[in-house]
file start_16.txt (compact mmCIF, C-alpha atoms)
# COMPACT_ATOMS: atom_id res chain seq x y z
CA MET A 1 69.57 42.26 3.18
CA LEU A 2 67.99 44.28 5.96
CA LEU A 3 64.75 44.24 4.01
CA TYR A 4 64.78 40.44 3.87
CA LEU A 5 65.50 40.23 7.60
CA LYS A 6 62.57 42.55 8.29
CA HIS A 7 60.27 40.45 6.10
CA PHE A 8 61.46 37.26 7.77
CA ILE A 9 60.69 38.58 11.26
CA PHE A 10 57.31 40.03 10.29
CA ALA A 11 56.24 36.81 8.57
CA PHE A 12 57.49 34.75 11.51
CA ILE A 13 55.42 36.71 14.04
CA ALA A 14 52.35 36.84 11.81
CA THR A 15 52.47 33.07 11.30
CA ILE A 16 52.81 32.48 15.06
CA GLY A 17 49.72 34.65 15.55
CA PHE A 18 47.78 32.45 13.16
CA ALA A 19 49.18 29.29 14.70
CA PHE A 20 47.62 30.45 17.98
CA LEU A 21 44.28 31.13 16.30
CA PHE A 22 44.33 27.64 14.77
CA ASN A 23 45.18 26.10 18.17
CA THR A 24 48.39 24.52 16.93
CA PRO A 25 49.96 22.19 19.54
CA LYS A 26 52.58 24.01 21.64
CA SER A 27 55.50 21.92 20.39
CA ALA A 28 54.64 22.82 16.78
CA LEU A 29 54.14 26.59 17.19
CA LEU A 30 57.70 27.70 16.44
CA LYS A 31 58.21 25.05 13.76
CA SER A 32 55.15 26.08 11.77
CA ALA A 33 56.18 29.72 12.12
CA LEU A 34 59.64 28.86 10.83
CA ALA A 35 58.09 27.15 7.79
CA GLY A 36 55.89 30.20 7.16
CA ALA A 37 58.78 32.66 7.52
CA PHE A 38 61.13 30.75 5.19
CA GLY A 39 58.32 30.34 2.69
CA TRP A 40 57.61 34.06 2.70
CA LEU A 41 61.34 34.84 2.38
CA LEU A 42 61.60 32.66 -0.71
CA PHE A 43 58.44 34.27 -2.06
CA ILE A 44 59.84 37.80 -1.67
CA ALA A 45 63.23 36.86 -3.10
CA SER A 46 61.71 35.05 -6.07
CA ASP A 47 59.12 37.76 -6.66
CA THR A 48 61.79 40.47 -6.96
CA LYS A 49 63.87 38.25 -9.28
CA THR A 50 61.18 36.79 -11.57
CA GLY A 51 58.31 39.23 -11.11
CA SER A 52 55.80 36.38 -11.33
CA VAL A 53 53.55 36.05 -8.30
CA VAL A 54 52.24 32.63 -9.32
CA VAL A 55 55.67 31.06 -9.88
CA SER A 56 56.99 32.57 -6.63
CA THR A 57 53.98 31.28 -4.71
CA PHE A 58 54.50 27.82 -6.16
CA LEU A 59 58.16 27.74 -5.12
CA ALA A 60 57.42 29.10 -1.66
CA SER A 61 54.62 26.57 -1.07
CA LEU A 62 56.94 23.81 -2.22
CA LEU A 63 59.46 24.90 0.41
CA ILE A 64 56.79 25.13 3.13
CA GLY A 65 55.52 21.67 2.17
CA LEU A 66 59.03 20.22 2.35
CA ILE A 67 59.77 21.81 5.73
CA GLY A 68 56.39 20.59 6.98
CA GLU A 69 57.13 17.10 5.69
CA VAL A 70 60.47 16.95 7.50
CA TYR A 71 58.87 18.08 10.77
CA ALA A 72 55.96 15.67 10.24
CA ILE A 73 58.44 12.79 10.08
CA THR A 74 60.63 13.90 13.00
CA ASP A 75 57.71 14.87 15.28
CA LYS A 76 55.22 12.17 14.17
CA LYS A 77 52.44 14.70 13.70
CA PRO A 78 50.19 15.18 10.66
CA ILE A 79 51.74 17.54 8.11
CA THR A 80 48.60 19.73 8.27
CA VAL A 81 49.74 21.07 11.65
CA PHE A 82 52.84 22.64 10.11
CA ILE A 83 51.63 23.80 6.72
CA ILE A 84 48.24 25.36 7.51
CA PRO A 85 49.71 28.24 9.55
CA GLY A 86 52.72 28.34 7.22
CA ILE A 87 50.82 28.99 3.99
CA ILE A 88 48.69 31.77 5.49
CA PRO A 89 50.99 34.62 4.34
CA LEU A 90 50.75 33.28 0.78
CA VAL A 91 47.04 32.53 0.45
CA PRO A 92 45.13 35.06 -1.62
CA GLY A 93 42.39 35.76 0.90
CA PHE A 94 42.69 39.48 0.17
CA LYS A 95 42.46 38.95 -3.57
CA LEU A 96 39.25 37.02 -3.08
CA TYR A 97 37.95 39.81 -0.84
CA TYR A 98 38.90 42.47 -3.41
CA THR A 99 37.18 40.39 -6.07
CA MET A 100 33.96 40.48 -4.07
CA ILE A 101 34.33 44.21 -3.27
CA SER A 102 34.80 44.92 -6.99
CA ILE A 103 31.70 42.90 -7.85
CA LEU A 104 29.69 44.80 -5.24
CA GLU A 105 30.97 48.07 -6.71
CA GLY A 106 29.96 46.91 -10.18
CA ASP A 107 33.52 46.97 -11.53
CA LEU A 108 33.50 43.62 -13.30
CA LEU A 109 36.78 44.18 -15.13
CA LYS A 110 38.66 44.61 -11.87
CA ALA A 111 36.74 41.70 -10.34
CA SER A 112 37.76 39.30 -13.09
CA SER A 113 41.39 40.37 -12.91
CA PHE A 114 41.55 39.95 -9.11
CA GLY A 115 39.50 36.77 -9.26
CA SER A 116 41.62 35.03 -11.88
CA GLU A 117 44.78 36.01 -10.03
CA ALA A 118 43.37 34.62 -6.77
CA LEU A 119 42.45 31.38 -8.52
CA MET A 120 45.89 30.98 -10.09
CA ILE A 121 47.65 31.61 -6.76
CA THR A 122 45.39 29.12 -4.99
CA ILE A 123 46.09 26.50 -7.62
CA ALA A 124 49.83 27.19 -7.30
CA ILE A 125 49.73 26.63 -3.51
CA SER A 126 47.54 23.53 -3.71
CA GLY A 127 49.56 22.12 -6.59
CA ALA A 128 52.82 22.55 -4.71
CA LEU A 129 51.43 20.93 -1.57
CA THR A 130 50.00 18.06 -3.62
CA VAL A 131 53.39 17.49 -5.26
CA VAL A 132 55.07 17.26 -1.85
CA LEU A 133 52.39 14.93 -0.45
CA SER A 134 52.51 12.68 -3.51
CA ILE A 135 56.27 12.33 -3.25
CA ASN A 136 55.85 11.44 0.41
CA SER A 137 53.23 8.77 -0.20
CA PHE A 138 55.44 7.37 -2.97
CA ARG A 139 58.30 7.19 -0.47
CA LYS A 140 56.04 5.43 2.05
CA ARG A 141 54.96 2.84 -0.55
CA ILE A 142 58.56 2.06 -1.40
CA MET A 143 59.48 1.74 2.29
CA ALA A 144 56.49 -0.56 2.84
CA LYS A 145 57.57 -2.79 -0.03
CA ARG A 146 61.10 -3.16 1.37
CA ILE A 147 59.75 -4.34 4.72
CA MET B 1 39.64 -11.17 19.46
CA GLU B 2 35.89 -10.80 19.37
CA VAL B 3 34.91 -7.32 18.25
CA ASN B 4 31.54 -5.65 18.33
CA GLU B 5 31.42 -4.19 14.80
CA LYS B 6 28.70 -1.67 15.55
CA LYS B 7 30.70 -0.20 18.40
CA LEU B 8 33.82 -0.23 16.25
CA LEU B 9 32.13 1.68 13.42
CA ASN B 10 30.59 4.12 15.89
CA MET B 11 34.00 4.80 17.40
CA ALA B 12 35.70 5.20 14.01
CA ILE B 13 33.02 7.64 12.84
CA PHE B 14 33.42 9.66 16.03
CA ALA B 15 37.18 9.89 15.42
CA GLY B 16 36.47 11.03 11.87
CA GLU B 17 33.91 13.56 13.08
CA ILE B 18 36.40 15.19 15.45
CA MET B 19 38.97 15.44 12.66
CA LEU B 20 36.54 16.82 10.10
CA LYS B 21 35.04 19.37 12.51
CA ASN B 22 38.49 20.69 13.28
CA GLY B 23 39.87 21.22 9.81
CA ALA B 24 41.47 17.96 8.65
CA GLU B 25 41.56 17.27 4.91
CA THR B 26 38.95 14.94 3.41
CA TYR B 27 41.42 12.23 2.43
CA ARG B 28 42.89 12.16 5.94
CA VAL B 29 39.46 11.62 7.53
CA GLU B 30 38.61 8.83 5.09
CA ASP B 31 41.99 7.23 5.64
CA THR B 32 41.65 7.35 9.44
CA ILE B 33 38.19 5.74 9.48
CA PHE B 34 39.39 3.11 7.01
CA ARG B 35 42.45 2.22 9.07
CA LEU B 36 40.57 2.12 12.36
CA CYS B 37 38.05 -0.35 10.94
CA ARG B 38 40.55 -2.47 9.07
CA SER B 39 42.77 -2.83 12.14
CA ARG B 40 40.11 -5.09 13.74
CA ASN B 41 39.85 -7.43 10.75
CA VAL B 42 36.72 -6.05 9.13
CA SER B 43 36.82 -7.38 5.59
CA GLU B 44 35.14 -4.54 3.71
CA VAL B 45 35.12 -0.86 4.57
CA GLU B 46 33.71 1.93 2.42
CA VAL B 47 33.94 5.55 3.55
CA PHE B 48 32.64 8.66 1.85
CA VAL B 49 33.44 11.97 3.49
CA THR B 50 32.24 15.43 2.51
CA PRO B 51 32.62 18.62 4.57
CA THR B 52 28.98 18.33 5.65
CA GLY B 53 28.73 14.65 6.45
CA ILE B 54 30.35 11.24 6.86
CA PHE B 55 28.92 8.08 5.33
CA ALA B 56 30.49 4.74 6.16
CA SER B 57 29.60 1.09 5.70
CA ILE B 58 31.36 -2.01 6.94
CA ASN B 59 30.77 -5.62 6.07
CA PRO B 60 31.79 -7.88 8.98
CA GLY B 61 31.03 -11.15 7.20
CA VAL B 62 33.49 -12.43 4.64
CA GLU B 63 31.19 -14.17 2.16
CA ASN B 64 27.65 -12.96 2.68
CA ASN B 65 26.33 -9.40 2.66
CA GLU B 66 23.63 -9.90 5.27
CA ASN B 67 25.25 -8.02 8.12
CA ILE B 68 26.34 -4.81 6.41
CA ILE B 69 26.30 -1.91 8.86
CA THR B 70 25.93 1.67 7.64
CA TYR B 71 26.28 4.87 9.60
CA VAL B 72 25.53 8.41 8.45
CA LYS B 73 26.87 11.33 10.44
CA ARG B 74 25.89 14.92 9.70
CA ILE B 75 28.54 17.59 10.33
CA LYS B 76 27.10 21.02 11.03
CA SER B 77 30.00 23.27 11.93
CA ARG B 78 33.61 23.49 10.91
CA ALA B 79 36.48 25.34 12.57
CA ILE B 80 40.25 24.93 12.65
CA ASP B 81 41.79 23.28 15.70
CA LEU B 82 45.03 21.63 14.69
CA ASN B 83 45.70 20.29 18.18
CA LYS B 84 42.68 17.98 18.02
CA VAL B 85 43.56 16.81 14.50
CA SER B 86 47.03 15.95 15.70
CA GLU B 87 45.72 14.18 18.82
CA VAL B 88 43.25 12.02 16.87
CA ASN B 89 46.06 11.18 14.48
CA ASP B 90 48.19 9.98 17.40
CA PHE B 91 45.23 8.08 18.80
CA SER B 92 44.58 6.23 15.54
CA ARG B 93 48.23 5.22 15.36
CA ARG B 94 48.03 3.85 18.92
CA PHE B 95 44.74 2.05 18.22
CA VAL B 96 46.03 0.35 15.10
CA GLU B 97 49.30 -0.77 16.68
CA ALA B 98 48.07 -1.93 20.09
CA GLU B 99 45.21 -3.92 21.58
CA ILE B 100 43.04 -1.13 22.94
CA SER B 101 39.45 -2.07 23.74
CA ILE B 102 36.76 -0.11 21.92
CA ASP B 103 35.24 1.30 25.12
CA GLU B 104 38.66 2.52 26.19
CA ALA B 105 39.18 4.05 22.73
CA MET B 106 35.84 5.82 22.92
CA SER B 107 36.65 7.39 26.27
CA GLN B 108 40.03 8.54 24.95
CA LEU B 109 38.30 10.17 21.98
CA LYS B 110 35.80 11.91 24.25
CA LYS B 111 38.71 13.37 26.18
CA ILE B 112 40.28 14.62 22.93
CA ASP B 113 36.98 16.17 21.88
CA LEU B 114 36.89 18.24 25.07
CA LEU B 115 40.50 19.45 24.88
CA PRO B 116 40.59 23.19 25.56
CA HIS B 117 41.57 25.89 23.10
CA TYR B 118 44.16 28.49 23.97
CA PRO B 119 42.47 31.04 26.27
CA LEU B 120 40.34 33.58 24.43
CA GLU B 121 42.41 36.59 25.54
CA LEU B 122 45.55 34.98 24.16
CA GLN B 123 43.78 34.16 20.89
CA ALA B 124 42.50 37.70 20.50
CA LEU B 125 45.92 39.13 21.31
CA PHE B 126 47.68 36.90 18.80
CA GLY B 127 44.98 37.51 16.20
CA GLY B 128 45.71 41.20 16.64
CA VAL B 129 49.45 40.65 16.39
CA ALA B 130 49.01 38.55 13.25
CA SER B 131 46.88 41.23 11.59
CA GLY B 132 49.27 44.00 12.60
CA PHE B 133 52.28 42.24 11.16
CA PHE B 134 50.37 41.35 8.02
CA ALA B 135 49.60 45.02 7.54
CA LEU B 136 53.34 45.66 7.88
CA LEU B 137 54.13 42.94 5.32
CA PHE B 138 51.84 44.72 2.90
CA GLY B 139 53.58 48.05 3.48
CA ALA B 140 51.71 49.76 6.30
CA ASN B 141 53.34 52.37 8.58
CA SER B 142 53.56 52.13 12.36
CA MET B 143 50.31 54.03 13.01
CA GLU B 144 48.43 51.68 10.69
CA PHE B 145 50.09 48.76 12.45
CA ILE B 146 48.63 49.89 15.78
CA ALA B 147 45.22 50.52 14.24
CA ALA B 148 45.15 47.08 12.59
CA LEU B 149 46.22 45.44 15.85
CA VAL B 150 43.47 47.09 17.90
CA THR B 151 40.81 46.53 15.23
CA SER B 152 41.68 42.88 14.87
CA ILE B 153 41.59 42.23 18.61
CA VAL B 154 38.07 43.63 18.81
CA VAL B 155 36.99 41.78 15.66
CA THR B 156 38.40 38.45 16.88
CA LEU B 157 36.56 38.81 20.18
CA SER B 158 33.25 39.76 18.61
CA VAL B 159 33.41 37.07 15.90
CA HIS B 160 34.16 34.53 18.60
CA PHE B 161 31.13 35.74 20.55
CA LEU B 162 28.87 35.49 17.47
CA ILE B 163 30.05 31.95 16.71
CA LYS B 164 29.38 30.98 20.31
CA MET B 165 25.85 32.38 20.00
CA GLU B 166 25.45 30.01 17.01
CA PHE B 167 24.83 32.61 14.36
CA ASN B 168 25.48 31.28 10.88
CA LEU B 169 28.52 31.86 8.69
CA PHE B 170 26.95 34.66 6.68
CA ILE B 171 25.77 36.79 9.61
CA THR B 172 29.00 36.28 11.54
CA ASN B 173 31.19 37.43 8.68
CA ILE B 174 28.99 40.37 7.69
CA ALA B 175 29.12 41.55 11.28
CA GLY B 176 32.87 40.97 11.44
CA GLY B 177 33.47 42.89 8.21
CA ALA B 178 31.23 45.76 9.25
CA MET B 179 32.88 45.90 12.66
CA SER B 180 36.40 46.04 11.23
CA ALA B 181 35.46 48.82 8.80
CA LEU B 182 33.73 50.81 11.54
CA ILE B 183 36.62 50.57 14.00
CA ALA B 184 39.17 51.28 11.28
CA ILE B 185 37.29 54.48 10.34
CA LEU B 186 37.02 55.59 13.96
CA LEU B 187 40.72 54.92 14.58
CA SER B 188 41.71 56.76 11.41
CA LEU B 189 39.99 59.84 12.84
CA VAL B 190 42.06 59.60 16.03
CA LEU B 191 45.44 58.41 14.75
CA PRO B 192 47.33 60.53 12.20
CA PHE B 193 48.70 59.10 8.91
CA THR B 194 46.33 56.14 8.68
CA GLU B 195 44.67 54.92 5.52
CA VAL B 196 41.41 53.11 6.22
CA ASP B 197 42.04 50.66 3.37
CA LYS B 198 45.29 49.31 4.78
CA VAL B 199 43.90 48.97 8.29
CA VAL B 200 40.83 47.10 7.04
CA THR B 201 42.87 44.70 4.89
CA GLY B 202 45.08 43.94 7.89
CA ALA B 203 42.17 43.48 10.27
CA ILE B 204 40.05 41.17 8.12
CA MET B 205 43.02 38.83 7.64
CA VAL B 206 41.76 36.77 10.60
CA MET B 207 38.50 36.12 8.73
CA VAL B 208 39.43 35.75 5.04
CA PRO B 209 38.93 32.18 3.82
CA GLY B 210 42.45 31.45 2.62
CA VAL B 211 42.65 28.00 4.15
CA ALA B 212 39.18 27.00 2.93
CA MET B 213 40.13 28.06 -0.59
CA THR B 214 43.41 26.16 -0.58
CA ASN B 215 41.76 23.05 0.85
CA ALA B 216 39.04 23.30 -1.81
CA VAL B 217 41.57 23.09 -4.62
CA ARG B 218 43.61 20.43 -2.81
CA ASP B 219 40.52 18.24 -2.39
CA SER B 220 39.63 18.70 -6.04
CA ILE B 221 43.13 17.74 -7.15
CA ALA B 222 42.99 14.66 -4.92
CA GLY B 223 39.77 13.59 -6.67
CA ASP B 224 37.36 14.46 -3.85
CA LEU B 225 35.32 16.63 -6.19
CA VAL B 226 32.22 16.97 -4.02
CA SER B 227 34.30 18.10 -1.04
CA GLY B 228 36.25 20.47 -3.25
CA LEU B 229 33.09 22.14 -4.53
CA ALA B 230 31.58 22.34 -1.06
CA ARG B 231 34.67 23.95 0.44
CA GLY B 232 34.94 26.30 -2.53
CA ALA B 233 31.35 27.40 -2.00
CA GLU B 234 32.09 27.99 1.68
CA ALA B 235 35.14 30.13 0.84
CA LEU B 236 33.15 32.17 -1.69
CA LEU B 237 30.32 32.70 0.78
CA ILE B 238 32.71 33.91 3.48
CA ALA B 239 34.44 36.30 1.06
CA VAL B 240 31.09 37.67 -0.14
CA SER B 241 29.82 38.27 3.37
CA ILE B 242 33.01 40.02 4.54
CA ALA B 243 32.98 42.23 1.45
CA PHE B 244 29.30 42.95 2.07
CA GLY B 245 29.93 44.06 5.65
CA VAL B 246 32.99 46.17 4.84
CA GLY B 247 31.47 47.64 1.68
CA PHE B 248 28.30 48.70 3.44
CA ILE B 249 30.11 50.63 6.17
CA LEU B 250 32.59 52.23 3.75
CA ARG B 251 29.76 53.40 1.49
CA ALA B 252 27.82 54.75 4.44
CA TRP B 253 30.92 56.60 5.65
CA MET B 254 31.55 58.16 2.23
CA PHE B 255 27.93 59.28 2.17
CA ILE B 256 28.14 60.85 5.63
CA LYS B 257 31.42 62.58 4.80
CA GLY B 258 30.01 63.85 1.52
CA VAL B 259 27.01 65.36 3.26
CA GLY B 260 29.02 66.69 6.19
CA LEU B 261 31.48 68.64 4.06

call {"tool": "encode", "arguments": {"input": "start_16.txt", "output": "structure tokens"}}
result
Amino acid sequence: MLLYLKHFIFAFIATIGFAFLFNTPKSALLKSALAGAFGWLLFIASDTKTGSVVVSTFLASLLIGLIGEVYAITDKKPITVFIIPGIIPLVPGFKLYYTMISILEGDLLKASSFGSEALMITIAISGALTVVLSINSFRKRIMAKRI
Amino acid sequence: MEVNEKKLLNMAIFAGEIMLKNGAETYRVEDTIFRLCRSRNVSEVEVFVTPTGIFASINPGVENNENIITYVKRIKSRAIDLNKVSEVNDFSRRFVEAEISIDEAMSQLKKIDLLPHYPLELQALFGGVASGFFALLFGANSMEFIAALVTSIVVTLSVHFLIKMEFNLFITNIAGGAMSALIAILLSLVLPFTEVDKVVTGAIMVMVPGVAMTNAVRDSIAGDLVSGLARGAEALLIAVSIAFGVGFILRAWMFIKGVGL
């Protein structure tokens, strides 16, 4: 439990740091950090249960997308503002960097393993976000038809 | 209401340019330009957006094609500034719903374009904090946390300086990578219990192209294949240049240590 709390706080602060770097509007700073922290929490919990990084990333991104969508509706801001800082803890920037380091070192086996993992994680994040956005645009179409 | 279509298209493209330069997704930029033009009863609007340029045509006449207007806008630099994206989004909602004149709209957009960033010191500080806590998330100890924090502050400042001096992506990221490796090595000599690897991975977190990579796949899934490929290439280039910078310094350090001992 304490471990989860620690992870939650670390992810929260790290996401706020990135929100500042991305010049997130002041009113959205804490909200995007909250999305990032809850996403990371779900990732850690799911990763220890299932042991699959890709599945955990997908679930966590789905949660971040949903939180972002709720805030986008209540605050009337584009969803990008909430999810871009939020997904930062999940994105495999390091994996891509390790891939390149391995290639420079001539270790192609390691490079392909890191590279394919990075690709799968990226697809998991993007897929989850696309699912959330598609559901939202579906909802908007239905609302538009009723009016 | 009589509308000058050329001015309208010019204004819509400018709105799109601000969004694209500051990290909005391709579909959002296309959608914004489309809505802005359609809101003033332009019958046909075609927009094609890639990360390096915007192409848009409108056809003001209903039946004939004699007055088609086309505008090509080249986009040279991309950064992430979510405040501006959000402001332009608000603006387009206002413009579509209310009767704002195009000159008024243009001056509002110019104001948005000049909106300030958070002050540089604050950005560097929070970049450092972000890197430090990322190092902790990936299992660093408290000494490594401090090292990553300091390294990242210096790296954020110097990368910002290089971007301001208009160096290109490749040079900026090589320098950033080399800088973070160099400072991490120096700090590991001073601080006890620090592994250079963990400090470097924390510090380069402010540069790694995670967002570019995710947006690349998102664009591809949405069907914007050209944008997807372009963003993917950008992400790969950034990753290569960081690895190049870091790898060079680490190799040089190993060489020096090997000779010294």

call {"tool": "residues_around", "arguments": {"input": "start_16.txt", "residues": "Ser227 (chain B)", "least_positions_apart": "3", "cutoff": "7 Å", "atoms": "all atoms listed in the file", "output": "list in words"}}
result
Thr50, Pro51, Asp219, Asp224, Ala230 and Arg231 of chain B

call {"tool": "interface_residues", "arguments": {"input": "start_16.txt", "of": "chain B", "to": "chain A", "cutoff": "6 Å", "atoms": "only C-alpha atoms", "output": "PyMOL selection string"}}
result
chain B and resi 80-83+86+123+126-127+130+133+208-210+214+218+239-240+243

call {"tool": "residues_near_point", "arguments": {"input": "start_16.txt", "point": "(59.7, 21.9, 16.2)", "cutoff": "10 Å", "atoms": "only C-alpha atoms", "output": "list in words"}}
result
Lys26, Ser27, Ala28, Leu29, Leu30, Lys31, Ser32, Ala33, Leu34, Gly68, Tyr71, Ala72, Thr74, Asp75 and Phe82 of chain A

call {"tool": "closest_residue", "arguments": {"input": "start_16.txt", "among": "B:Ser92, B:Asn65, B:Ser77, B:Thr26", "to": "Met11 (chain B)", "atoms": "all atoms listed in the file"}}
result
B:Ser92

call {"tool": "residues_near_point", "arguments": {"input": "start_16.txt", "point": "(39.4, 5.6, 19.6)", "cutoff": "7 Å", "atoms": "only C-alpha atoms", "output": "compact mmCIF listing (two decimals) with C-alpha atoms, in the frame of the given file"}}
result
# COMPACT_ATOMS: atom_id res chain seq x y z
CA MET B 11 34.00 4.80 17.40
CA ALA B 12 35.70 5.20 14.01
CA ALA B 15 37.18 9.89 15.42
CA PHE B 91 45.23 8.08 18.80
CA SER B 92 44.58 6.23 15.54
CA PHE B 95 44.74 2.05 18.22
CA ILE B 102 36.76 -0.11 21.92
CA ALA B 105 39.18 4.05 22.73
CA MET B 106 35.84 5.82 22.92
CA GLN B 108 40.03 8.54 24.95
CA LEU B 109 38.30 10.17 21.98

call {"tool": "closest_residue", "arguments": {"input": "start_16.txt", "among": "B:Asp113, B:Leu229, B:Thr156, B:Glu104", "to": "Leu125 (chain B)", "atoms": "only C-alpha atoms"}}
result
B:Thr156

call {"tool": "residues_around", "arguments": {"input": "start_16.txt", "residues": "Pro60 (chain B)", "least_positions_apart": "2", "cutoff": "7 Å", "atoms": "all atoms listed in the file", "output": "PyMOL selection string"}}
result
chain B and resi 5+42-43+58+62+67-68

call {"tool": "write_last_selection", "arguments": {"input": "start_16.txt", "atoms": "C-alpha atoms", "output": "PDB file, in the coordinates of the input"}}
result
ATOM      1  CA  GLU B   5      31.420  -4.190  14.800  1.00  0.00           C
ATOM      2  CA  VAL B  42      36.720  -6.050   9.130  1.00  0.00           C
ATOM      3  CA  SER B  43      36.820  -7.380   5.590  1.00  0.00           C
ATOM      4  CA  ILE B  58      31.360  -2.010   6.940  1.00  0.00           C
ATOM      5  CA  VAL B  62      33.490 -12.430   4.640  1.00  0.00           C
ATOM      6  CA  ASN B  67      25.250  -8.020   8.120  1.00  0.00           C
ATOM      7  CA  ILE B  68      26.340  -4.810   6.410  1.00  0.00           C
TER       8      ILE B  68
END

call {"tool": "axis_aligned_box", "arguments": {"input": "start_16.txt", "around": "region 145-154 of chain B", "padding_each_side": "4 Å", "output": "AutoDock Vina command-line options"}}
result
--center_x 44.1 --center_y 46.4 --center_z 15.6 --size_x 20.0 --size_y 16.3 --size_z 14.4

call {"tool": "atom_distance", "arguments": {"input": "start_16.txt", "atom1": "CA of Glu25 (chain B)", "atom2": "CA of Gly177 (chain B)"}}
result
27.1 Å

call {"tool": "atom_distance", "arguments": {"input": "start_16.txt", "atom1": "CA of Ala178 (chain B)", "atom2": "CA of Phe248 (chain B)"}}
result
7.1 Å

call {"tool": "atom_distance", "arguments": {"input": "start_16.txt", "atom1": "CA of Tyr71 (chain B)", "atom2": "CA of Ala56 (chain B)"}}
result
5.4 Å

call {"tool": "closest_residue", "arguments": {"input": "start_16.txt", "among": "A:Leu108, A:Leu2, A:Leu42, A:Ile83", "to": "Phe58 (chain A)", "atoms": "all atoms listed in the file"}}
result
A:Leu42

call {"tool": "residues_around", "arguments": {"input": "start_16.txt", "residues": "Ser46 (chain A)", "least_positions_apart": "2", "cutoff": "9 Å", "atoms": "all atoms listed in the file", "output": "ChimeraX atom specification"}}
result
/A:41-44,48-53,55-57,59-60

call {"tool": "closest_residue", "arguments": {"input": "start_16.txt", "among": "B:Gly223, B:Arg94, B:Tyr27, B:Met213", "to": "Ala235 (chain B)", "atoms": "all atoms listed in the file"}}
result
B:Met213

call {"tool": "closest_residue", "arguments": {"input": "start_16.txt", "among": "A:Ala37, A:Val54, A:Ile73, A:Leu63", "to": "Arg139 (chain A)", "atoms": "all atoms listed in the file"}}
result
A:Ile73

call {"tool": "decode", "arguments": {"input": "start_16.txt", "residues": "region 134-145 of chain B", "atoms": "C-alpha atoms", "output": "PDB file, in the first residue's frame"}}
result
ATOM      1  CA  PHE B 134      11.261   9.911 -12.944  1.00  0.00           C
ATOM      2  CA  ALA B 135      14.597   8.589 -11.773  1.00  0.00           C
ATOM      3  CA  LEU B 136      12.875   7.688  -8.490  1.00  0.00           C
ATOM      4  CA  LEU B 137      10.035   5.950 -10.356  1.00  0.00           C
ATOM      5  CA  PHE B 138      12.633   3.818 -12.093  1.00  0.00           C
ATOM      6  CA  GLY B 139      14.270   2.876  -8.790  1.00  0.00           C
ATOM      7  CA  ALA B 140      16.984   5.454  -8.165  1.00  0.00           C
ATOM      8  CA  ASN B 141      18.252   6.311  -4.662  1.00  0.00           C
ATOM      9  CA  SER B 142      18.240   9.773  -3.119  1.00  0.00           C
ATOM     10  CA  MET B 143      21.756  10.685  -4.293  1.00  0.00           C
ATOM     11  CA  GLU B 144      20.841   9.774  -7.866  1.00  0.00           C
ATOM     12  CA  PHE B 145      17.663  11.816  -7.471  1.00  0.00           C
TER      13      PHE B 145
END
